[in-house]
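Below is the file model-v2.json, which contains JSON, C-alpha atoms and all ligand atoms.
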[["chain", "number", "residue", "atom", "x", "y", "z"],
["A", 1, "MET", "CA", -5.14, 3.26, 13.75],
["A", 2, "SER", "CA", -2.67, 1.82, 11.31],
["A", 3, "SER", "CA", -0.59, 2.97, 8.38],
["A", 4, "VAL", "CA", 1.13, 1.25, 5.48],
["A", 5, "ASN", "CA", 4.88, 1.12, 5.04],
["A", 6, "VAL", "CA", 6.49, 0.55, 1.63],
["A", 7, "ASN", "CA", 9.90, -1.02, 1.24],
["A", 8, "ARG", "CA", 11.14, 1.03, -1.71],
["A", 9, "ILE", "CA", 13.89, -1.42, -2.51],
["A", 10, "ARG", "CA", 11.43, -4.30, -2.84],
["A", 11, "CYS", "CA", 8.59, -2.46, -4.60],
["A", 12, "GLN", "CA", 8.59, -2.99, -8.37],
["A", 13, "SER", "CA", 5.69, -0.61, -9.06],
["A", 14, "ASN", "CA", 3.67, -3.32, -10.79],
["A", 15, "GLY", "CA", 0.40, -1.89, -9.51],
["A", 16, "VAL", "CA", -1.08, -5.00, -7.90],
["A", 17, "CYS", "CA", -1.93, -3.08, -4.72],
["A", 18, "GLU", "CA", -3.30, -0.15, -6.71],
["A", 19, "ALA", "CA", -5.62, -2.46, -8.64],
["A", 20, "LEU", "CA", -6.99, -3.88, -5.39],
["A", 21, "VAL", "CA", -7.34, -0.67, -3.33],
["A", 22, "PRO", "CA", -7.02, 2.42, -5.54],
["A", 23, "GLU", "CA", -8.28, 4.57, -2.67],
["A", 24, "VAL", "CA", -5.04, 3.88, -0.81],
["A", 25, "PHE", "CA", -2.39, 2.92, -3.37],
["A", 26, "GLU", "CA", -1.41, 4.83, -6.50],
["A", 27, "ILE", "CA", 1.43, 4.53, -8.99],
["A", 28, "ASP", "CA", 2.32, 8.14, -9.70],
["A", 29, "ASP", "CA", 3.51, 9.67, -12.97],
["A", 30, "ASP", "CA", 7.10, 8.89, -12.06],
["A", 31, "GLY", "CA", 6.26, 5.21, -11.63],
["A", 32, "ALA", "CA", 6.65, 5.31, -7.86],
["A", 33, "LEU", "CA", 4.08, 3.89, -5.50],
["A", 34, "ARG", "CA", 2.36, 6.56, -3.44],
["A", 35, "ILE", "CA", 0.35, 5.83, -0.32],
["A", 36, "LYS", "CA", -2.57, 8.22, -0.51],
["A", 37, "THR", "CA", -3.44, 8.19, 3.16],
["A", 38, "ASP", "CA", -1.29, 7.88, 6.27],
["A", 39, "ARG", "CA", -4.19, 6.53, 8.32],
["A", 40, "ILE", "CA", -5.91, 3.23, 7.54],
["A", 41, "GLY", "CA", -9.25, 3.10, 9.29],
["A", 42, "PRO", "CA", -10.95, -0.09, 10.49],
["A", 43, "GLU", "CA", -13.27, -0.05, 7.47],
["A", 44, "GLN", "CA", -10.28, -0.30, 5.09],
["A", 45, "LEU", "CA", -8.23, -2.78, 7.07],
["A", 46, "GLY", "CA", -9.56, -5.89, 5.33],
["A", 47, "GLN", "CA", -8.94, -4.58, 1.81],
["A", 48, "VAL", "CA", -5.53, -3.20, 2.69],
["A", 49, "SER", "CA", -4.52, -6.46, 4.37],
["A", 50, "LEU", "CA", -5.47, -8.31, 1.19],
["A", 51, "ALA", "CA", -3.35, -5.93, -0.88],
["A", 52, "ILE", "CA", -0.41, -6.42, 1.47],
["A", 53, "ALA", "CA", -0.74, -10.20, 1.21],
["A", 54, "SER", "CA", -1.06, -9.94, -2.59],
["A", 55, "CYS", "CA", 2.11, -7.93, -3.17],
["A", 56, "PRO", "CA", 4.36, -10.26, -5.18],
["A", 57, "THR", "CA", 7.55, -8.78, -3.72],
["A", 58, "GLN", "CA", 6.32, -8.49, -0.11],
["A", 59, "ALA", "CA", 7.09, -4.78, -0.14],
["A", 60, "LEU", "CA", 4.15, -3.72, 2.03],
["A", 61, "SER", "CA", 3.64, -3.95, 5.74],
["A", 62, "LEU", "CA", 1.14, -2.64, 8.23],
["A", 63, "VAL", "CA", 2.37, -0.37, 11.01],
["A", 64, "HIS", "CA", 0.27, -0.13, 14.14],
["A", 65, "ASP", "CA", 0.42, 2.98, 16.26],
["B", 1, "LIG", "S1", 1.93, -4.67, -5.17],
["B", 1, "LIG", "FE1", 3.93, -4.52, -4.16],
["B", 1, "LIG", "S2", 5.42, -4.38, -5.81],
["B", 1, "LIG", "FE2", 3.40, -3.90, -6.66],
["B", 1, "LIG", "S3", 3.22, -1.67, -6.55],
["B", 1, "LIG", "FE3", 2.28, -2.51, -4.71],
["B", 1, "LIG", "S4", 3.95, -2.51, -3.18],
["B", 1, "LIG", "FE4", 4.90, -2.29, -5.18]]

This structure in structure tokens:
Amino acid sequence: MSSVNVNRIRCQSNGVCEALVPEVFEIDDDGALRIKTDRIGPEQLGQVSLAIASCPTQALSLVHD
């Protein structure tokens, strides 16, 4: 299993990842990115990898257990 790490200094809360995979990424009411699950299953890996590659500030990374 994998999880997603957010570099809070790099993240600009522009919502690109949320638009791609709203099941995993959410900009909360305070404007901070929230990762909705701490376990990325194999069925979500493709979508999440795309979101990571699409982040304009390279704030996201995949962590493998
Ligand atoms: S795409 Fe990147 S900069 Fe935008 S909210 Fe997601 S992690 Fe933050």

- Query: Can you tell me how far atom S1 of ligand LIG 1 (chain B) sits from CA of Gly41 in chain A, in Å to one decimal?
  - Reply: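 Straight-line distance from atom S1 of ligand LIG 1 (chain B) to CA of Gly41 in chain A works out to 19.9 Å.
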
Could you tell me how far CA of Gly15 in chain A lies from CA of His64 in chain A, in Å and to one decimal?
->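 Pair CA of Gly15 in chain A / CA of His64 in chain A returns 23.7 Å.
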
If you count all atoms listed in the file, which residues end up within 9 Å of ligand LIG 1 (chain B), as JSON, numbers by chain?
{"A": [6, 7, 8, 10, 11, 12, 13, 14, 15, 16, 17, 18, 19, 20, 25, 26, 27, 32, 33, 34, 51, 52, 53, 54, 55, 56, 57, 58, 59, 60]}

Residues just named, written with C-alpha atoms as a PDB file, in the coordinates of the input:
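The result, stored in again36.pdb:
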ATOM      1  CA  VAL A   6       6.490   0.550   1.630  1.00  0.00           C
ATOM      2  CA  ASN A   7       9.900  -1.020   1.240  1.00  0.00           C
ATOM      3  CA  ARG A   8      11.140   1.030  -1.710  1.00  0.00           C
ATOM      4  CA  ARG A  10      11.430  -4.300  -2.840  1.00  0.00           C
ATOM      5  CA  CYS A  11       8.590  -2.460  -4.600  1.00  0.00           C
ATOM      6  CA  GLN A  12       8.590  -2.990  -8.370  1.00  0.00           C
ATOM      7  CA  SER A  13       5.690  -0.610  -9.060  1.00  0.00           C
ATOM      8  CA  ASN A  14       3.670  -3.320 -10.790  1.00  0.00           C
ATOM      9  CA  GLY A  15       0.400  -1.890  -9.510  1.00  0.00           C
ATOM     10  CA  VAL A  16      -1.080  -5.000  -7.900  1.00  0.00           C
ATOM     11  CA  CYS A  17      -1.930  -3.080  -4.720  1.00  0.00           C
ATOM     12  CA  GLU A  18      -3.300  -0.150  -6.710  1.00  0.00           C
ATOM     13  CA  ALA A  19      -5.620  -2.460  -8.640  1.00  0.00           C
ATOM     14  CA  LEU A  20      -6.990  -3.880  -5.390  1.00  0.00           C
ATOM     15  CA  PHE A  25      -2.390   2.920  -3.370  1.00  0.00           C
ATOM     16  CA  GLU A  26      -1.410   4.830  -6.500  1.00  0.00           C
ATOM     17  CA  ILE A  27       1.430   4.530  -8.990  1.00  0.00           C
ATOM     18  CA  ALA A  32       6.650   5.310  -7.860  1.00  0.00           C
ATOM     19  CA  LEU A  33       4.080   3.890  -5.500  1.00  0.00           C
ATOM     20  CA  ARG A  34       2.360   6.560  -3.440  1.00  0.00           C
ATOM     21  CA  ALA A  51      -3.350  -5.930  -0.880  1.00  0.00           C
ATOM     22  CA  ILE A  52      -0.410  -6.420   1.470  1.00  0.00           C
ATOM     23  CA  ALA A  53      -0.740 -10.200   1.210  1.00  0.00           C
ATOM     24  CA  SER A  54      -1.060  -9.940  -2.590  1.00  0.00           C
ATOM     25  CA  CYS A  55       2.110  -7.930  -3.170  1.00  0.00           C
ATOM     26  CA  PRO A  56       4.360 -10.260  -5.180  1.00  0.00           C
ATOM     27  CA  THR A  57       7.550  -8.780  -3.720  1.00  0.00           C
ATOM     28  CA  GLN A  58       6.320  -8.490  -0.110  1.00  0.00           C
ATOM     29  CA  ALA A  59       7.090  -4.780  -0.140  1.00  0.00           C
ATOM     30  CA  LEU A  60       4.150  -3.720   2.030  1.00  0.00           C
TER      31      LEU A  60
END

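Minimum atom-to-atom distances from A:Gly31, A:Asp65, A:Ile9, A:Ser2 to Gly46 in chain A were compared using all atoms listed in the file, and the lowest value belongs to A:Ser2.
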
Note to self: Quick one: residues within 12 Å of Arg39 in chain A, all atoms listed in the file, excluding same-chain residues fewer than 2 positions away - as an NGL selection string?
What the structure shows: :A and (1-5 or 23-24 or 35-37 or 41-45 or 48 or 62-65)
